[in-house]
Each structure stands twice: as C-alpha cells, then as structure tokens.
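Note sheet for the following structure.
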Amino acid sequence: MVRKPGKMYRSLAKKAYTRREYMGGVPGNKIVQFEMGNLSQEFPTEVDLIVEESCQIRHSALEASRISINRKLMKDVGRTNFHFKVRVFPHHVLRENKQATGAGADRVSEGMRLAFGKAVGTAARVEAGQIIFTVYSNAQYLDKIKAAMRNGAHKLPTPSHLKVHTIKVSGRIIAAPKIAGDKIAAPVKVEAETEAAAAAAAEPVKGAEAAKGADHKGGKGPAKAEPAKAEPAKGAEAAKGADHKGGAHKGGKK
C-alpha cells in the first residue's frame, strides 16, 4: 500500500472523530509502549519536547520519533539513567475516500463529494504549547538528552522546542515491586504474634475444659448417688406397703 505524505493529514480541518464503534477495520495503534527506561526511580531533571503549532500527528510519526529518541538514549545515557514517556495518544481516526489512480482512471477518479471514507489510521490532535515527549534524568546527561530529543523532533510535522525543569526529588520509589520487604514482613510478623497469642490463650481454655471435664467426671459419682437418695423413698413406699399389707392382714385376722 502506498503511504501518502503526512501533510495530507496534518491540518485540523474537521472535528475529531473517535467513535470507533460506528466504523469497522480501524488500523491498530503502532506505538508499542508509552514509558521506557527506569520506571522505579525519581530523577531531578525533566526535559519536555513542546510543539509550537496545532496539528495532527499520525501514530506512525509518533512511533518513528519515539524509536529514534529511545534508541539514542539507550546508547548514550543507559537504560537505568532515564525515564522516557510519551505524553499523547492517537485517538482521532483518519478517514480517506479511496479513488482509482493511475493511467486511464480519469473517468472514475472524481468520486462522491463529502464521502465518509474508510479508516486508514489514527492521529493525535495537539495544540500549540502542548508537551509531546518527556524525559526524566540527571543533570549530567542533559546534553545527550537534548541531542536525542532534537533528533526525534525532526520526524514530527510541526516545529518544536525543548524546555528543562528541575524537580524536587522526594526519595521515594515510584513503581515499587509488589513484594516489598517492609510491607510484607510486618503483616507476617503480626500474624505470627497473633497466632502465638491465640495458642497461649487457648492453653488455659484447654486447662479449664480439662478441669471442667474432671469436675464433670467427679460429678458422675454424686449423679449416680442420686438414685441412692431416692432409695429411702422407695423403702418408705415399701414400708408403707408393708404396713398397708400388715394392716390388711391384721384386719383380715380380725
């Protein structure tokens, strides 16, 4: 497929169109990654690439510029000494009403006016003064970072300039690993202490249960002796019966 020059899609002629659910076959975004380098450290120096004109930047141009800057930073600065970030995203869908071209295509090359067109790519809409790329690093690599960003800026369809800031570093780690010693060790220690306390607290409970069991076992004797208390009642009833029988017998003799 013949790629048309970027100047055809550079101007902000129409409204932005981002409703991809109403069109099929939108080409995928060519930007592979948006953050590169050392993501787990803060750097005191910030270098921004700022555009000077409002325009549309195709995703292919952003990716070409990103590759150029990242490759030079990796070579001259080193992966652990910088944090490179892409600050824009290609939301706008580019459309084109494809027409026949070449010899003998004069009769069908006009096409329909104001046709909706077919999606051919995506682009990022930027305004004058907007930041496109940012590199965080140390002051000693400032000249190499500027050279790398100037090299990548040539691939953008707008003039740009660099701006350097100094950031106050807090000393904390931005992207800390999920398993950190201090964050994981404390809960484990607390859980261990809790389990030990629960075990120590469970021992008196077990002793009390054993004592209760002993009392319960010891109480089985008096529990069994309860019928012995009831025996005199049965004896009394037997005596009453005997007296009743005796009275009856005596009454009979009488």
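Order determines the names: the first chain of the structure tokens is A, the second B, and so forth; residues in each chain are numbered 1 upward, and ligands are numbered 1 upward as they are shown.
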Item to complete: Return as an NGL selection string the full set of residues in segment 94-170 of chain A whose backbone-based DSSP assignment is alpha helix (DSSP H).
Response: :A and (142-153)
Residues from the last selection, N, CA and C atoms, saved as an mmCIF file, in the first residue's frame:
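In the end it all went to selection-v9.cif:
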data_model
loop_
_atom_site.group_PDB
_atom_site.id
_atom_site.type_symbol
_atom_site.label_atom_id
_atom_site.label_comp_id
_atom_site.auth_asym_id
_atom_site.auth_seq_id
_atom_site.Cartn_x
_atom_site.Cartn_y
_atom_site.Cartn_z
ATOM 1 N N LEU A 142 22.247 15.894 30.527
ATOM 2 C CA LEU A 142 21.343 16.850 29.904
ATOM 3 C C LEU A 142 21.667 17.085 28.429
ATOM 4 N N ASP A 143 22.934 17.240 28.089
ATOM 5 C CA ASP A 143 23.307 17.498 26.695
ATOM 6 C C ASP A 143 22.956 16.327 25.782
ATOM 7 N N LYS A 144 23.171 15.100 26.260
ATOM 8 C CA LYS A 144 22.858 13.920 25.446
ATOM 9 C C LYS A 144 21.352 13.759 25.263
ATOM 10 N N ILE A 145 20.589 14.111 26.284
ATOM 11 C CA ILE A 145 19.130 14.015 26.185
ATOM 12 C C ILE A 145 18.600 15.040 25.188
ATOM 13 N N LYS A 146 19.136 16.242 25.228
ATOM 14 C CA LYS A 146 18.716 17.271 24.273
ATOM 15 C C LYS A 146 19.016 16.850 22.836
ATOM 16 N N ALA A 147 20.171 16.278 22.627
ATOM 17 C CA ALA A 147 20.528 15.831 21.280
ATOM 18 C C ALA A 147 19.589 14.728 20.798
ATOM 19 N N ALA A 148 19.248 13.805 21.688
ATOM 20 C CA ALA A 148 18.350 12.712 21.311
ATOM 21 C C ALA A 148 16.953 13.233 20.977
ATOM 22 N N MET A 149 16.448 14.178 21.763
ATOM 23 C CA MET A 149 15.100 14.695 21.526
ATOM 24 C C MET A 149 15.050 15.579 20.282
ATOM 25 N N ARG A 150 16.104 16.300 20.003
ATOM 26 C CA ARG A 150 16.148 17.076 18.751
ATOM 27 C C ARG A 150 16.153 16.143 17.543
ATOM 28 N N ASN A 151 16.838 15.020 17.689
ATOM 29 C CA ASN A 151 16.880 14.054 16.596
ATOM 30 C C ASN A 151 15.491 13.476 16.313
ATOM 31 N N GLY A 152 14.713 13.200 17.377
ATOM 32 C CA GLY A 152 13.369 12.666 17.188
ATOM 33 C C GLY A 152 12.369 13.716 16.751
ATOM 34 N N ALA A 153 12.614 14.978 17.070
ATOM 35 C CA ALA A 153 11.676 16.039 16.708
ATOM 36 C C ALA A 153 11.620 16.261 15.205
#
Discussion item. Env of segment 121-129 of chain A: 10 Å cut, atoms = only C-alpha atoms, seq-sep filter 5 positions within chain, self excluded. Answer as a ChimeraX atom specification.
Written reply: /A:9-12,16-18,25-30,49-62,88-96,158-161
Just write the chosen residues, C-alpha atoms, as an mmCIF file, in the first residue's frame.
data_model
loop_
_atom_site.group_PDB
_atom_site.id
_atom_site.type_symbol
_atom_site.label_atom_id
_atom_site.label_comp_id
_atom_site.auth_asym_id
_atom_site.auth_seq_id
_atom_site.Cartn_x
_atom_site.Cartn_y
_atom_site.Cartn_z
ATOM 1 C CA TYR A 9 -3.448 14.770 7.486
ATOM 2 C CA ARG A 10 -1.521 17.476 9.345
ATOM 3 C CA SER A 11 -4.118 20.280 9.405
ATOM 4 C CA LEU A 12 -7.075 20.417 11.822
ATOM 5 C CA ALA A 16 -12.192 14.985 15.817
ATOM 6 C CA TYR A 17 -13.796 11.592 15.183
ATOM 7 C CA THR A 18 -13.227 8.906 17.830
ATOM 8 C CA GLY A 25 -11.461 -2.043 10.412
ATOM 9 C CA VAL A 26 -9.647 0.792 12.197
ATOM 10 C CA PRO A 27 -5.906 0.108 11.920
ATOM 11 C CA GLY A 28 -4.184 -0.691 15.180
ATOM 12 C CA ASN A 29 -2.007 1.768 17.057
ATOM 13 C CA LYS A 30 1.652 1.452 16.038
ATOM 14 C CA LEU A 49 9.506 18.399 23.899
ATOM 15 C CA ILE A 50 6.844 21.053 23.190
ATOM 16 C CA VAL A 51 5.157 21.638 19.821
ATOM 17 C CA GLU A 52 4.725 25.190 18.517
ATOM 18 C CA GLU A 53 1.734 24.659 16.174
ATOM 19 C CA SER A 54 -1.663 22.986 16.455
ATOM 20 C CA CYS A 55 -1.781 19.945 14.194
ATOM 21 C CA GLN A 56 -2.468 16.244 13.874
ATOM 22 C CA ILE A 57 0.402 13.799 14.379
ATOM 23 C CA ARG A 58 -0.111 10.341 12.935
ATOM 24 C CA HIS A 59 0.620 7.312 15.087
ATOM 25 C CA SER A 60 3.313 6.228 12.648
ATOM 26 C CA ALA A 61 5.124 9.573 13.094
ATOM 27 C CA LEU A 62 4.876 9.327 16.888
ATOM 28 C CA VAL A 88 -0.100 11.979 23.843
ATOM 29 C CA PHE A 89 -2.328 9.223 22.444
ATOM 30 C CA PRO A 90 -3.675 8.912 18.863
ATOM 31 C CA HIS A 91 -7.452 8.973 19.494
ATOM 32 C CA HIS A 92 -8.585 10.612 16.247
ATOM 33 C CA VAL A 93 -9.455 8.205 13.406
ATOM 34 C CA LEU A 94 -8.244 9.280 9.957
ATOM 35 C CA ARG A 95 -10.573 8.542 7.039
ATOM 36 C CA GLU A 96 -9.940 8.569 3.319
ATOM 37 C CA THR A 158 5.431 20.673 13.418
ATOM 38 C CA PRO A 159 8.287 22.835 14.739
ATOM 39 C CA SER A 160 9.098 22.259 18.388
ATOM 40 C CA HIS A 161 11.411 23.328 21.188
#
Worksheet entry | Residue nearest Ala119 of chain A - candidates A:Asn138, A:Asn97, A:Gln41, A:Thr166, atoms counted: only C-alpha atoms |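 Closest residue, counting only C-alpha atoms: A:Asn97.
Picture a line from atom CA of Val169 of chain A to atom CA of Ser65 of chain A; it runs 28.2 Å.
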Item to complete: If you run DSSP over the backbone, which residues in segment 31-80 of chain A end up strand (DSSP E or B)? Put them as a list in words.
Response: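 Answer for segment 31-80 of chain A, restricted to strand (DSSP E or B): Glu35, Met36, Gly37, Thr45, Glu46, Val47, Asp48, Leu49, Ile50, Val51, Cys55, Gln56, Ile57 and Arg58 of chain A.
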